[in-house]
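> Sharing a structure below in structure tokens format, with a few things to ask.
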Amino acid sequence: MELSDRMYNHFKNVSVKYTQMRPTDDALIQHIQKIFENKENIRGADIGCGSGLYDLLLLQSIAGLQLQCCDVNEGMVEETARYLEDHDQKNFSVHKIDANDLSSLDDGLDFILTTNAIQHFDPFVFLDQASSRLKSGGYIFVYTRLLSQNARNIWGRFFPKFTEKETRFYDLGKIEAWINQFHDELVAKNIDFFRFTRTASLEELIHFVKSKHYSVFSLYDENELENALNEFIAQLQRHFTDINHIEWTDEDSLIVLQKK
């Protein structure tokens with residue numbers, strides 16, 4: 001099975017429980033909210049929206065926001081609609097859209113956002129497509145982990161072959177290449193780095209693996225994942241004195257681009 005098919009099946013399978021699996025980072029929403037503070041009639045799109053976790057926060061934080069929630073995975077699109085409706089949101093629409101073709105989006109958007117998804121599609125195609133749907137002065141927000149950040153979290157440090165399997169993230173050099181290619185269309189406003197303290201019990205971390213908390217776990221075959229999990233457990237037991245309170249730091253980056 002090709003990687004793209006494995007990823008599609010993974011996200012379809014986890015869509016109904018995705019809102020319980022993944023944390024959200026309020027610092028990202030606060031950053032976007034500040035940019036659009038005291039502005040009206042904001043229109044945006046979230047590409048690779050997953051189950052709508054960040055969409056809910058955006059709709060709750062930016063008054064009057066009209067948001068298009070987009071994902072290539074039908075299961076995620078359906079879950080986003082259900083999740084936002086369950087939270088009494090109305091100013092949104094959901095769309096099954098491939099990030100390689102954003103032509104069906106409204107044009108003249110104020111922003112386009114992608115969170116923890118850029119590794120799943122071609123960044124150059126995405127930026128070209130996103131830029132074409134923005135109004136002058138509109139923003140592209142890319143929220144992602146760098147390769148080095150991924151290697152420093154609890155999975156990169158202790159879960160066997162995690163960094164070998166997860167090669168889809170980018171380093172700063174690659175990101176600079178994105179920006180340089182679009183220097184006639186987009187201005188790099190800033191790259192912000194975030195650090196978040198996470199805590200979980202060993203039991204919860206085991207559950208994260210078995211429920212495929214990260215899509216990279218779907219790249220292991222069944223026996224390989226079981227063996228890696230056993231080694232992960234052993235390493236955590238050696239490294240942490242209290243396995244009911246394991247603490248680590250997650251890191252993420254926000255690339256902010258603005259259309260000229």
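Chain lettering (A, B, ...) mirrors the order of the structure tokens, residue numbering begins at 1 for each chain separately, and ligand numbering begins at 1 in order of display.
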Identify, on the basis of only C-alpha atoms, every residue whose closest approach to segment 79-83 of chain A does not exceed 6 Å; exclude the query and any residue fewer than 2 positions from it along the same chain; express the result as a PyMOL selection string.
chain A and resi 51-52+76-77+85-86
> For Ser93 of chain A, which residue among A:Arg43, A:Lys260, A:His239, A:Lys135 is the nearest when counting only C-alpha atoms?
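Checking each of A:Arg43, A:Lys260, A:His239, A:Lys135 against Ser93 of chain A, counting only C-alpha atoms, the winner is A:Arg43.
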> Select from segment 60-156 of chain A every residue with an atom at most 12 Å from any atom of segment 169-191 of chain A, then for each give the shortest pair of atoms and their distance in Å to one decimal, using only C-alpha atoms, rows by chain and rising number, as CSV.

```
residue,atom,partner,partner_atom,distance
A:Asn116,CA,A:Phe169,CA,9.7
A:Ala117,CA,A:Phe169,CA,9.6
A:Ile118,CA,A:Phe169,CA,8.1
A:Gln119,CA,A:Phe169,CA,5.5
A:His120,CA,A:Phe169,CA,9.0
A:Phe121,CA,A:Phe169,CA,10.7
A:Asp122,CA,A:Trp178,CA,10.5
A:Pro123,CA,A:Trp178,CA,7.3
A:Phe124,CA,A:Trp178,CA,6.3
A:Val125,CA,A:Trp178,CA,10.0
A:Phe126,CA,A:Trp178,CA,10.3
A:Leu127,CA,A:Phe182,CA,8.1
A:Asp128,CA,A:Phe182,CA,7.9
A:Gln129,CA,A:Phe182,CA,11.5
A:Ala130,CA,A:Leu186,CA,10.6
A:Ser131,CA,A:Glu185,CA,7.5
A:Ser132,CA,A:Glu185,CA,9.4
A:Leu134,CA,A:Leu186,CA,10.6
A:Lys135,CA,A:Glu185,CA,11.4
A:Ser136,CA,A:Glu185,CA,9.5
A:Gly137,CA,A:Leu186,CA,9.2
A:Gly138,CA,A:Leu186,CA,9.5
A:Tyr139,CA,A:Leu186,CA,8.9
A:Ile140,CA,A:Leu186,CA,9.0
A:Phe141,CA,A:Ile191,CA,9.9
A:Val142,CA,A:Ile191,CA,9.5
A:Tyr143,CA,A:Ile191,CA,9.7
A:Thr144,CA,A:Phe169,CA,8.0
A:Arg145,CA,A:Phe169,CA,6.7
A:Leu146,CA,A:Tyr170,CA,5.3
A:Leu147,CA,A:Phe169,CA,5.2
A:Ser148,CA,A:Asp171,CA,7.1
A:Gln149,CA,A:Asp171,CA,9.2
A:Asn150,CA,A:Phe169,CA,8.1
A:Ala151,CA,A:Phe169,CA,10.5
```
> Take the selection from the previous step and output its residues with N, CA and C atoms, as a CSV table (one decimal), in the first residue's frame.

```csv
chain,number,residue,atom,x,y,z
A,116,ASN,N,-0.4,21.4,11.6
A,116,ASN,CA,0.1,20.0,11.8
A,116,ASN,C,-0.2,19.2,10.5
A,117,ALA,N,-0.2,19.8,9.4
A,117,ALA,CA,-0.6,19.1,8.2
A,117,ALA,C,0.3,19.3,7.0
A,118,ILE,N,1.2,20.3,7.0
A,118,ILE,CA,2.0,20.6,5.8
A,118,ILE,C,2.8,19.4,5.4
A,119,GLN,N,3.2,18.5,6.3
A,119,GLN,CA,4.0,17.4,5.9
A,119,GLN,C,3.2,16.4,5.1
A,120,HIS,N,1.9,16.5,5.0
A,120,HIS,CA,1.1,15.6,4.2
A,120,HIS,C,0.9,16.1,2.7
A,121,PHE,N,1.4,17.3,2.4
A,121,PHE,CA,1.2,17.7,1.0
A,121,PHE,C,2.4,18.6,0.6
A,122,ASP,N,2.5,18.8,-0.7
A,122,ASP,CA,3.6,19.6,-1.3
A,122,ASP,C,3.5,21.0,-0.9
A,123,PRO,N,4.5,21.5,-0.1
A,123,PRO,CA,4.4,22.9,0.4
A,123,PRO,C,4.5,24.0,-0.7
A,124,PHE,N,5.2,23.7,-1.8
A,124,PHE,CA,5.3,24.7,-2.8
A,124,PHE,C,4.0,24.8,-3.6
A,125,VAL,N,3.3,23.7,-3.8
A,125,VAL,CA,2.0,23.7,-4.5
A,125,VAL,C,1.0,24.4,-3.5
A,126,PHE,N,1.1,24.0,-2.3
A,126,PHE,CA,0.1,24.6,-1.3
A,126,PHE,C,0.3,26.2,-1.2
A,127,LEU,N,1.5,26.7,-1.1
A,127,LEU,CA,1.7,28.1,-1.0
A,127,LEU,C,1.3,28.8,-2.3
A,128,ASP,N,1.5,28.2,-3.4
A,128,ASP,CA,1.1,28.8,-4.7
A,128,ASP,C,-0.4,28.9,-4.7
A,129,GLN,N,-1.1,27.8,-4.4
A,129,GLN,CA,-2.5,27.8,-4.4
A,129,GLN,C,-3.1,28.7,-3.3
A,130,ALA,N,-2.5,28.7,-2.2
A,130,ALA,CA,-3.1,29.6,-1.1
A,130,ALA,C,-2.9,31.0,-1.4
A,131,SER,N,-1.8,31.4,-2.0
A,131,SER,CA,-1.6,32.8,-2.4
A,131,SER,C,-2.6,33.3,-3.4
A,132,SER,N,-3.0,32.4,-4.3
A,132,SER,CA,-4.0,32.8,-5.3
A,132,SER,C,-5.4,33.0,-4.7
A,134,LEU,N,-5.9,34.5,-1.6
A,134,LEU,CA,-5.8,35.5,-0.6
A,134,LEU,C,-6.0,36.9,-1.3
A,135,LYS,N,-6.6,37.8,-0.5
A,135,LYS,CA,-6.6,39.2,-0.9
A,135,LYS,C,-5.2,39.8,-0.6
A,136,SER,N,-4.9,40.9,-1.2
A,136,SER,CA,-3.6,41.6,-0.9
A,136,SER,C,-3.6,42.0,0.6
A,137,GLY,N,-2.5,41.6,1.3
A,137,GLY,CA,-2.4,41.8,2.7
A,137,GLY,C,-2.9,40.6,3.5
A,138,GLY,N,-3.4,39.6,2.8
A,138,GLY,CA,-3.9,38.4,3.5
A,138,GLY,C,-2.7,37.5,4.0
A,139,TYR,N,-3.0,36.7,5.0
A,139,TYR,CA,-2.0,35.9,5.6
A,139,TYR,C,-2.1,34.4,5.3
A,140,ILE,N,-0.9,33.8,5.3
A,140,ILE,CA,-0.8,32.3,5.4
A,140,ILE,C,-0.1,31.9,6.7
A,141,PHE,N,-0.8,31.1,7.4
A,141,PHE,CA,-0.2,30.6,8.7
A,141,PHE,C,0.1,29.1,8.5
A,142,VAL,N,1.3,28.7,8.7
A,142,VAL,CA,1.7,27.3,8.7
A,142,VAL,C,2.3,26.9,10.0
A,143,TYR,N,1.5,26.1,10.7
A,143,TYR,CA,1.9,25.6,12.1
A,143,TYR,C,2.4,24.2,12.0
A,144,THR,N,3.6,23.9,12.4
A,144,THR,CA,4.2,22.6,12.2
A,144,THR,C,5.3,22.4,13.1
A,145,ARG,N,5.8,21.2,13.2
A,145,ARG,CA,7.1,20.9,13.9
A,145,ARG,C,8.2,20.8,12.9
A,146,LEU,N,9.4,21.3,13.4
A,146,LEU,CA,10.6,21.1,12.6
A,146,LEU,C,11.1,19.7,12.8
A,147,LEU,N,12.0,19.2,11.9
A,147,LEU,CA,12.6,17.9,12.1
A,147,LEU,C,13.3,17.8,13.5
A,148,SER,N,14.0,18.9,13.8
A,148,SER,CA,14.8,18.9,15.1
A,148,SER,C,13.9,18.9,16.3
A,149,GLN,N,12.7,19.6,16.2
A,149,GLN,CA,11.8,19.7,17.3
A,149,GLN,C,11.1,18.3,17.5
A,150,ASN,N,10.9,17.6,16.4
A,150,ASN,CA,10.3,16.3,16.5
A,150,ASN,C,11.2,15.3,17.1
A,151,ALA,N,12.5,15.5,16.9
A,151,ALA,CA,13.5,14.6,17.5
A,151,ALA,C,13.7,14.8,19.0
```
> For Thr115 of chain A, which of A:Thr163, A:Asn41, A:Thr24, A:Asn153 is the closest residue, counting only C-alpha atoms?
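Ranking A:Thr163, A:Asn41, A:Thr24, A:Asn153 by distance to Thr115 of chain A, first place goes to A:Thr24.
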> From a DSSP pass on the backbone, collect the residues of segment 80-256 of chain A flagged as strand (DSSP E or B) and hand them back as a PyMOL selection string.
chain A and resi 92-96+109-115+134-144+146+170+186-200+246-256
> With only C-alpha atoms as the atoms that count, which of A:Leu102, A:Ile243, A:Ile154, A:Ala63 lies nearest to Glu37 of chain A?
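Nearest candidate to Glu37 of chain A out of A:Leu102, A:Ile243, A:Ile154, A:Ala63: A:Ala63.
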> Which residues are close to Val94 of chain A, i.e. within 6 Å by only C-alpha atoms, leaving aside same-chain residues fewer than 4 positions away? Reply as a list in words.
Gln68, Cys69 and Cys70 of chain A
> Convert the current residue selection to file output with C-alpha atoms, as a CSV table (one decimal), in the first residue's frame.

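This went into selection.csv:
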```csv
chain,number,residue,atom,x,y,z
A,68,GLN,CA,-14.1,27.3,5.3
A,69,CYS,CA,-13.0,24.0,6.9
A,70,CYS,CA,-11.2,21.8,4.4
```
> Could you list, as a list in words, every residue within 10 Å of Ser61 of chain A, counting only C-alpha atoms and ignoring same-chain residues fewer than 3 positions away?
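Final neighbour list, sorted by chain and number: Ile29, Gln30, Ile32, Gln33, Lys34, Glu37, Asp55, Leu56, Leu57, Leu58, Gly64 and Leu65 of chain A.
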> With C-alpha atoms retained, write the just-selected residues as a tab-separated table (two decimals), in the first residue's frame.

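Result file out34.tsv:
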```
chain	number	residue	atom	x	y	z
A	29	ILE	CA	-5.02	30.96	18.28
A	30	GLN	CA	-4.03	33.95	20.40
A	32	ILE	CA	-3.95	34.83	14.97
A	33	GLN	CA	-6.62	36.56	17.04
A	34	LYS	CA	-4.27	39.45	17.80
A	37	GLU	CA	-8.27	42.22	16.56
A	55	ASP	CA	-11.67	25.55	13.79
A	56	LEU	CA	-13.77	25.67	16.93
A	57	LEU	CA	-11.16	27.77	18.72
A	58	LEU	CA	-10.91	30.16	15.78
A	64	GLY	CA	-17.90	37.19	13.07
A	65	LEU	CA	-15.34	34.94	11.40
```
> Under the rule that only C-alpha atoms are counted, which of A:Asp107, A:Glu226, A:Asp242, A:Asp71 is the nearest residue to Ala200 of chain A?
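Under the stated criterion, the closest residue is A:Asp242.
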> Counting only C-alpha atoms, which residues of segment 139-163 of chain A fall within 12 Å of segment 210-214 of chain A, and what is the closest atom pair for each with its distance in Å at one decimal, ordered by chain and rising number, as a tab-separated table?

```
residue	atom	partner	partner_atom	distance
A:Asn150	CA	A:Tyr214	CA	11.7
A:Trp155	CA	A:Tyr214	CA	9.8
A:Gly156	CA	A:Tyr214	CA	12.0
A:Phe162	CA	A:Tyr214	CA	10.3
```
> Take the selection from the previous step and output its residues with C-alpha atoms, as a compact mmCIF listing (two decimals), in the first residue's frame.

```txt
# COMPACT_ATOMS: atom_id res chain seq x y z
CA ASN A 150 10.27 16.29 16.46
CA TRP A 155 8.58 10.11 21.01
CA GLY A 156 11.72 11.15 19.21
CA PHE A 162 10.24 7.19 15.45
```
> As a ChimeraX atom specification, list the residues of segment 101-245 of chain A assigned to helix (DSSP H, G or I) by DSSP on the backbone atoms of this structure.
/A:118-120,123-133,147-152,154-158,162-165,172-181,202-210,215-219,222-239
> Need the shell around Lys161 of chain A: protein/DNA/RNA residues with any atom at most 12 Å away, counting only C-alpha atoms. Skip same-chain ones fewer than 5 positions apart. Format as an MDAnalysis selection string?
chainID A and resid 151 155:156 166:167 216:217 219:220 224:225 227:229 231:232
